[in-house]
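Have a look at query07.tsv below; it lists TSV, C-alpha atoms.
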```tsv
chain	number	residue	atom	x	y	z
A	1037	ALA	CA	62.42	86.37	109.96
A	1038	GLN	CA	59.82	84.95	107.63
A	1039	SER	CA	61.24	82.86	104.83
A	1040	VAL	CA	60.50	80.12	102.37
A	1041	ALA	CA	63.03	77.55	101.17
A	1042	GLN	CA	63.21	75.32	98.15
A	1043	PRO	CA	66.05	72.92	98.88
A	1044	GLU	CA	66.43	71.58	95.34
A	1045	ASP	CA	67.74	73.73	92.50
A	1046	GLN	CA	66.75	71.11	89.96
A	1047	VAL	CA	64.46	68.09	89.82
A	1048	ASN	CA	64.66	65.58	86.98
A	1049	VAL	CA	61.81	63.16	86.31
A	1050	ALA	CA	60.90	60.81	83.50
A	1051	GLU	CA	57.65	61.49	81.69
A	1052	GLY	CA	54.79	59.53	83.22
A	1053	ASN	CA	56.43	59.26	86.64
A	1054	PRO	CA	55.18	61.13	89.70
A	1055	LEU	CA	56.97	64.34	90.61
A	1056	THR	CA	57.52	66.25	93.84
A	1057	VAL	CA	58.96	69.73	94.23
A	1058	LYS	CA	59.77	70.56	97.83
A	1059	CYS	CA	59.05	73.70	99.81
A	1060	THR	CA	59.43	74.52	103.49
A	1061	TYR	CA	58.55	77.74	105.26
A	1062	SER	CA	59.39	79.59	108.43
A	1063	VAL	CA	56.83	82.14	109.55
A	1064	SER	CA	55.14	83.33	112.68
A	1065	GLY	CA	51.40	82.89	112.61
A	1066	ASN	CA	49.33	81.15	109.99
A	1067	PRO	CA	50.83	81.32	106.52
A	1068	TYR	CA	49.12	81.55	103.20
A	1069	LEU	CA	51.10	79.44	100.74
A	1070	PHE	CA	51.29	79.56	96.98
A	1071	TRP	CA	52.91	77.81	94.05
A	1072	TYR	CA	53.76	79.60	90.81
A	1073	VAL	CA	55.26	78.40	87.55
A	1074	GLN	CA	57.46	80.37	85.16
A	1075	TYR	CA	58.00	79.39	81.54
A	1076	PRO	CA	60.95	80.86	79.60
A	1077	ASN	CA	60.70	84.60	78.98
A	1078	ARG	CA	57.36	84.81	80.75
A	1079	GLY	CA	56.05	86.16	84.02
A	1080	LEU	CA	55.04	83.94	86.90
A	1081	GLN	CA	51.70	82.14	86.65
A	1082	PHE	CA	49.65	81.14	89.66
A	1083	LEU	CA	49.16	77.37	90.14
A	1084	LEU	CA	47.48	76.86	93.50
A	1085	LYS	CA	47.22	78.13	97.05
A	1086	TYR	CA	46.60	76.96	100.61
A	1087	ILE	CA	44.60	79.20	102.88
A	1088	THR	CA	42.86	76.92	105.37
A	1089	GLY	CA	40.93	73.68	105.52
A	1090	ASP	CA	41.86	70.55	103.60
A	1091	ASN	CA	45.61	70.01	103.62
A	1092	LEU	CA	45.58	68.72	100.05
A	1093	VAL	CA	45.06	71.50	97.55
A	1094	LYS	CA	44.37	70.94	93.88
A	1095	GLY	CA	45.40	73.43	91.24
A	1096	SER	CA	45.96	74.01	87.55
A	1097	TYR	CA	47.41	71.52	85.04
A	1098	GLY	CA	46.85	68.54	87.35
A	1099	PHE	CA	49.15	69.80	90.10
A	1100	GLU	CA	48.39	69.49	93.78
A	1101	ALA	CA	50.18	70.40	96.97
A	1102	GLU	CA	50.09	69.08	100.49
A	1103	PHE	CA	50.26	71.38	103.48
A	1104	ASN	CA	51.97	69.83	106.50
A	1105	LYS	CA	51.91	72.10	109.53
A	1106	SER	CA	54.10	69.92	111.75
A	1107	GLN	CA	56.82	69.77	109.11
A	1108	THR	CA	56.19	73.33	107.91
A	1109	SER	CA	56.14	72.08	104.35
A	1110	PHE	CA	54.07	72.65	101.25
A	1111	HIS	CA	55.35	70.24	98.59
A	1112	LEU	CA	54.08	70.40	95.03
A	1113	LYS	CA	53.09	67.11	93.44
A	1114	LYS	CA	51.75	65.61	90.26
A	1115	PRO	CA	50.90	61.93	89.76
A	1116	SER	CA	52.15	61.71	86.18
A	1117	ALA	CA	54.62	64.21	84.75
A	1118	LEU	CA	54.45	65.63	81.24
A	1119	VAL	CA	57.32	67.02	79.18
A	1120	SER	CA	55.36	70.27	79.02
A	1121	ASP	CA	55.62	70.57	82.82
A	1122	SER	CA	59.30	71.47	82.40
A	1123	ALA	CA	59.65	74.97	83.84
A	1124	LEU	CA	60.80	76.94	86.86
A	1125	TYR	CA	58.60	76.53	89.94
A	1126	PHE	CA	58.37	78.95	92.85
A	1127	CYS	CA	56.89	78.49	96.29
A	1128	ALA	CA	55.68	81.65	98.04
A	1129	VAL	CA	54.29	82.72	101.39
A	1130	LYS	CA	52.01	85.59	102.32
A	1131	LEU	CA	51.65	86.68	105.88
A	1132	GLY	CA	48.15	88.00	106.10
A	1133	ARG	CA	45.99	90.76	104.85
A	1134	ALA	CA	47.66	93.26	102.53
A	1135	SER	CA	51.12	91.92	103.23
A	1136	LYS	CA	54.07	91.16	101.08
A	1137	ILE	CA	54.59	87.90	99.23
A	1138	ILE	CA	57.96	86.25	99.68
A	1139	PHE	CA	59.23	83.77	97.09
A	1140	GLY	CA	61.59	80.85	97.38
A	1141	SER	CA	64.66	80.55	95.21
A	1142	GLY	CA	62.90	78.43	92.61
A	1143	THR	CA	63.29	74.83	91.43
A	1144	ARG	CA	63.89	73.97	87.83
A	1145	LEU	CA	61.80	70.96	86.86
A	1146	SER	CA	63.00	68.96	83.87
A	1147	ILE	CA	60.84	66.17	82.47
A	1148	ARG	CA	62.60	63.84	80.03
A	1149	PRO	CA	60.62	61.96	77.39
B	1499	ASP	CA	41.07	92.42	81.66
B	1500	ALA	CA	44.44	92.50	79.91
B	1501	GLY	CA	46.31	91.59	83.04
B	1502	VAL	CA	49.26	93.45	84.49
B	1503	ILE	CA	50.93	95.49	81.77
B	1504	GLN	CA	54.58	96.42	81.90
B	1505	SER	CA	56.56	98.61	79.56
B	1506	PRO	CA	58.96	98.48	77.96
B	1507	ARG	CA	59.47	94.73	77.49
B	1508	HIS	CA	63.16	95.24	76.80
B	1509	GLU	CA	65.44	98.13	77.69
B	1510	VAL	CA	69.11	98.53	76.83
B	1511	THR	CA	70.83	101.55	78.27
B	1512	GLU	CA	74.28	102.85	78.97
B	1513	MET	CA	75.72	103.01	82.43
B	1514	GLY	CA	74.88	106.27	84.12
B	1515	GLN	CA	71.63	106.82	82.29
B	1516	GLU	CA	68.25	107.07	83.96
B	1517	VAL	CA	65.87	104.17	83.43
B	1518	THR	CA	62.13	104.22	84.09
B	1519	LEU	CA	60.05	101.07	84.14
B	1520	ARG	CA	56.28	101.30	84.03
B	1521	CYS	CA	53.44	99.16	85.31
B	1522	LYS	CA	49.68	99.19	84.99
B	1523	PRO	CA	48.07	96.84	87.53
B	1524	ILE	CA	44.86	94.94	87.04
B	1525	SER	CA	41.87	97.22	87.49
B	1526	GLY	CA	40.48	96.99	91.01
B	1527	HIS	CA	43.65	95.57	92.56
B	1528	ASN	CA	44.98	97.69	95.38
B	1529	SER	CA	48.29	96.00	96.14
B	1530	LEU	CA	51.22	96.36	93.80
B	1531	PHE	CA	54.64	94.70	93.99
B	1532	TRP	CA	57.93	95.26	92.20
B	1533	TYR	CA	60.28	92.27	91.96
B	1534	ARG	CA	63.72	91.79	90.43
B	1535	GLN	CA	64.86	88.46	89.06
B	1536	THR	CA	68.48	87.48	88.45
B	1537	MET	CA	70.27	84.18	88.14
B	1538	MET	CA	72.38	84.88	91.19
B	1539	ARG	CA	69.75	86.23	93.57
B	1540	GLY	CA	66.52	84.73	92.29
B	1541	LEU	CA	63.28	86.66	92.74
B	1542	GLU	CA	63.65	89.59	95.12
B	1543	LEU	CA	60.86	91.83	96.38
B	1544	LEU	CA	61.95	95.43	95.97
B	1545	ILE	CA	58.92	97.36	97.21
B	1546	TYR	CA	55.18	97.00	97.57
B	1547	PHE	CA	52.27	99.41	97.76
B	1548	ASN	CA	48.82	99.19	99.30
B	1549	ASN	CA	46.25	101.73	98.13
B	1550	ASN	CA	49.03	103.67	96.37
B	1551	VAL	CA	51.07	104.00	99.59
B	1552	PRO	CA	54.52	102.39	99.86
B	1553	ILE	CA	54.38	99.90	102.71
B	1554	ASP	CA	57.76	98.20	102.63
B	1555	ASP	CA	60.72	99.36	100.58
B	1556	SER	CA	63.34	97.43	102.50
B	1557	GLY	CA	64.19	95.46	99.39
B	1558	MET	CA	65.21	98.49	97.36
B	1559	PRO	CA	68.93	97.96	96.92
B	1560	GLU	CA	70.20	101.52	96.96
B	1561	ASP	CA	69.17	105.14	96.83
B	1562	ARG	CA	69.57	104.94	93.09
B	1563	PHE	CA	66.28	103.06	93.04
B	1564	SER	CA	62.95	104.79	93.59
B	1565	ALA	CA	59.33	103.81	93.02
B	1566	LYS	CA	56.13	105.78	92.85
B	1567	MET	CA	52.47	105.04	92.53
B	1568	PRO	CA	50.70	108.31	91.76
B	1569	ASN	CA	47.33	106.62	91.28
B	1570	ALA	CA	45.69	103.23	91.41
B	1571	SER	CA	46.39	102.43	87.78
B	1572	PHE	CA	50.04	103.33	87.37
B	1573	SER	CA	53.41	102.77	89.00
B	1574	THR	CA	57.00	103.47	88.03
B	1575	LEU	CA	60.35	102.10	89.11
B	1576	LYS	CA	63.24	104.42	88.39
B	1577	ILE	CA	66.96	103.76	88.48
B	1578	GLN	CA	69.22	106.80	88.40
B	1579	PRO	CA	72.05	106.43	87.60
B	1580	SER	CA	71.94	102.91	86.22
B	1581	GLU	CA	74.84	100.46	86.60
B	1582	PRO	CA	75.67	97.18	84.84
B	1583	ARG	CA	74.81	95.21	87.99
B	1584	ASP	CA	71.23	96.46	87.69
B	1585	SER	CA	70.79	94.23	84.65
B	1586	ALA	CA	67.91	91.89	85.44
B	1587	VAL	CA	64.29	91.15	84.67
B	1588	TYR	CA	61.96	93.41	86.63
B	1589	PHE	CA	58.46	92.18	87.32
B	1590	CYS	CA	55.42	94.06	88.49
B	1591	ALA	CA	52.55	92.19	90.15
B	1592	SER	CA	49.21	93.17	91.60
B	1593	SER	CA	46.65	91.61	93.90
B	1594	LEU	CA	43.48	92.36	95.84
B	1595	GLY	CA	45.19	93.49	99.01
B	1596	GLY	CA	42.05	93.67	101.10
B	1597	SER	CA	41.72	89.92	101.26
B	1598	ASP	CA	44.04	87.60	103.11
B	1599	HIS	CA	44.31	84.96	100.48
B	1600	THR	CA	44.43	86.48	97.05
B	1601	GLU	CA	47.30	85.54	94.82
B	1602	ALA	CA	49.41	88.02	92.89
B	1603	PHE	CA	49.19	88.35	89.12
B	1604	PHE	CA	52.41	89.08	87.30
B	1605	GLY	CA	53.23	91.10	84.25
B	1606	GLN	CA	55.49	89.82	81.50
B	1607	GLY	CA	58.47	91.64	82.92
B	1608	THR	CA	60.98	94.19	81.65
B	1609	ARG	CA	64.37	92.84	80.71
B	1610	LEU	CA	66.89	95.55	81.54
B	1611	THR	CA	70.43	95.48	80.20
B	1612	VAL	CA	72.86	98.15	81.34
B	1613	VAL	CA	76.05	98.27	79.29
```

How does the structure come out when it is put into structure tokens?
Amino acid sequence: AQSVAQPEDQVNVAEGNPLTVKCTYSVSGNPYLFWYVQYPNRGLQFLLKYITGDNLVKGSYGFEAEFNKSQTSFHLKKPSALVSDSALYFCAVKLGRASKIIFGSGTRLSIRP
Amino acid sequence: DAGVIQSPRHEVTEMGQEVTLRCKPISGHNSLFWYRQTMMRGLELLIYFNNNVPIDDSGMPEDRFSAKMPNASFSTLKIQPSEPRDSAVYFCASSLGGSDHTEAFFGQGTRLTVV
């Protein structure tokens, strides 16, 4: 069965330090991978996506993600964290044209001043 | 475009009552998704439509849940009868389903409380 996993419920980082939020997937075929962010009492907002090509994808708010096919991972990264990055982050996978989007369990990112 | 519009934003109802949640997708999008978010279960896909046709409703928890999409600009999720365990935030999302790589755009959600 297709699935996406976020092994960490919470990630704590000091402001200015680099951050990584982990995501691994299990699908048959070529996946399309996404990262979303959710601020309190809001819907999910799209951050970035991997479709094909360069394994390093750049997205909104200075975030980037690295696709690693051999490790079936798509970790979200940012070189220097901001307190305003504190939110709930979701990894998601889509399995082709007009198909459903499956989300991971979410990782709460907390950036301390 | 105003984005995906959901109504109501908040709903409080008594157990046993019928609840109807509404969604207006982004104009031109032909895929629509209903998700439920709870602390215990995270974000669950309930059902999704392509071109107004339900494609996969395997996530609908029980027969008490039903969803319709009578046209390209409107969808409803109905719970009848409602139970306290249905309390959650329900999100609607839409995307351009004809392309492999389009992301989904989410509404603000409906926070449902069943007492």

Set the distance at 12 Å and use all atoms listed in the file: which residues neighbour A:Gln1107 once local chain neighbours fewer than 4 positions away are removed? I'd like the list as JSON, numbers by chain.
{"A": [1058, 1059, 1060, 1061, 1062, 1102, 1103, 1111]}

Would you put the residues from that selection into a file with C-alpha atoms, as a PDB file, in the coordinates of the input?
```pdb
ATOM      1  CA  LYS A1058      59.770  70.560  97.830  1.00  0.00           C
ATOM      2  CA  CYS A1059      59.050  73.700  99.810  1.00  0.00           C
ATOM      3  CA  THR A1060      59.430  74.520 103.490  1.00  0.00           C
ATOM      4  CA  TYR A1061      58.550  77.740 105.260  1.00  0.00           C
ATOM      5  CA  SER A1062      59.390  79.590 108.430  1.00  0.00           C
ATOM      6  CA  GLU A1102      50.090  69.080 100.490  1.00  0.00           C
ATOM      7  CA  PHE A1103      50.260  71.380 103.480  1.00  0.00           C
ATOM      8  CA  HIS A1111      55.350  70.240  98.590  1.00  0.00           C
TER       9      HIS A1111
END
```

Find the residues around B:Glu1542 up to 9 Å (all atoms listed in the file counted), leave out those fewer than 3 positions away in its own chain, and share them as a list in words.
Ile1138 and Phe1139 of chain A; Trp1532, Tyr1533, Arg1534, Gln1535, Thr1536, Arg1539 and Gly1557 of chain B

When distances are computed from only C-alpha atoms, which of B:Met1538, B:Leu1519, B:Val1612, B:Val1510 shows the smallest separation from chain A?
B:Met1538

At most 9 Å to chain B: residues in chain A, all atoms listed in the file, as a PyMOL selection string
chain A and resi 1068-1070+1077-1082+1084-1087+1130-1142

Applying 8 Å and only C-alpha atoms, which residues near stretch 1043-1054 of chain A remain after dropping the ones on its own chain fewer than 6 positions away? List them as a PyMOL selection string.
chain A and resi 1113-1119+1141-1149

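The nearest approach to B:Val1517 among the residues B:Thr1611, B:Ser1585, B:Ser1580, B:Asn1550, with all atoms listed in the file taken into account, belongs to B:Ser1580.
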
Coordinates-based distance that separates atom CA of B:His1527 from atom CA of A:Phe1110 (Å, one decimal):
26.6 Å

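Distances here use only C-alpha atoms; by that measure, the residue among A:Asn1091, A:Ser1120, A:Thr1056, A:Gln1074 closest to A:Thr1108 is A:Asn1091.
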
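Proximity ranking of A:Trp1071, A:Lys1094, A:Thr1088, A:Ala1101 relative to A:Leu1124 places A:Trp1071 first, based on all atoms listed in the file.
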
Around stretch 1120-1124 of chain A, fit a box with edges along x, y and z, padding it by 3 Å on each side, then list its centre and edge lengths in Å to one decimal as JSON.
```
{"center_x": 58.1, "center_y": 73.6, "center_z": 82.9, "size_x": 11.4, "size_y": 12.7, "size_z": 13.8}
```

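Here atom CA of A:Val1093 is placed at a distance of 27.4 Å from atom CA of B:Ala1500.
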
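Nearest residue to A:Ser1109, choosing from A:Leu1083, A:Ala1037, A:Cys1127, A:Leu1055 and counting all atoms listed in the file: A:Cys1127.
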
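Closest to B:Ser1505 among B:Ser1573, B:Gln1578, B:Ser1525, B:Ser1592 is B:Ser1573, based on only C-alpha atoms.
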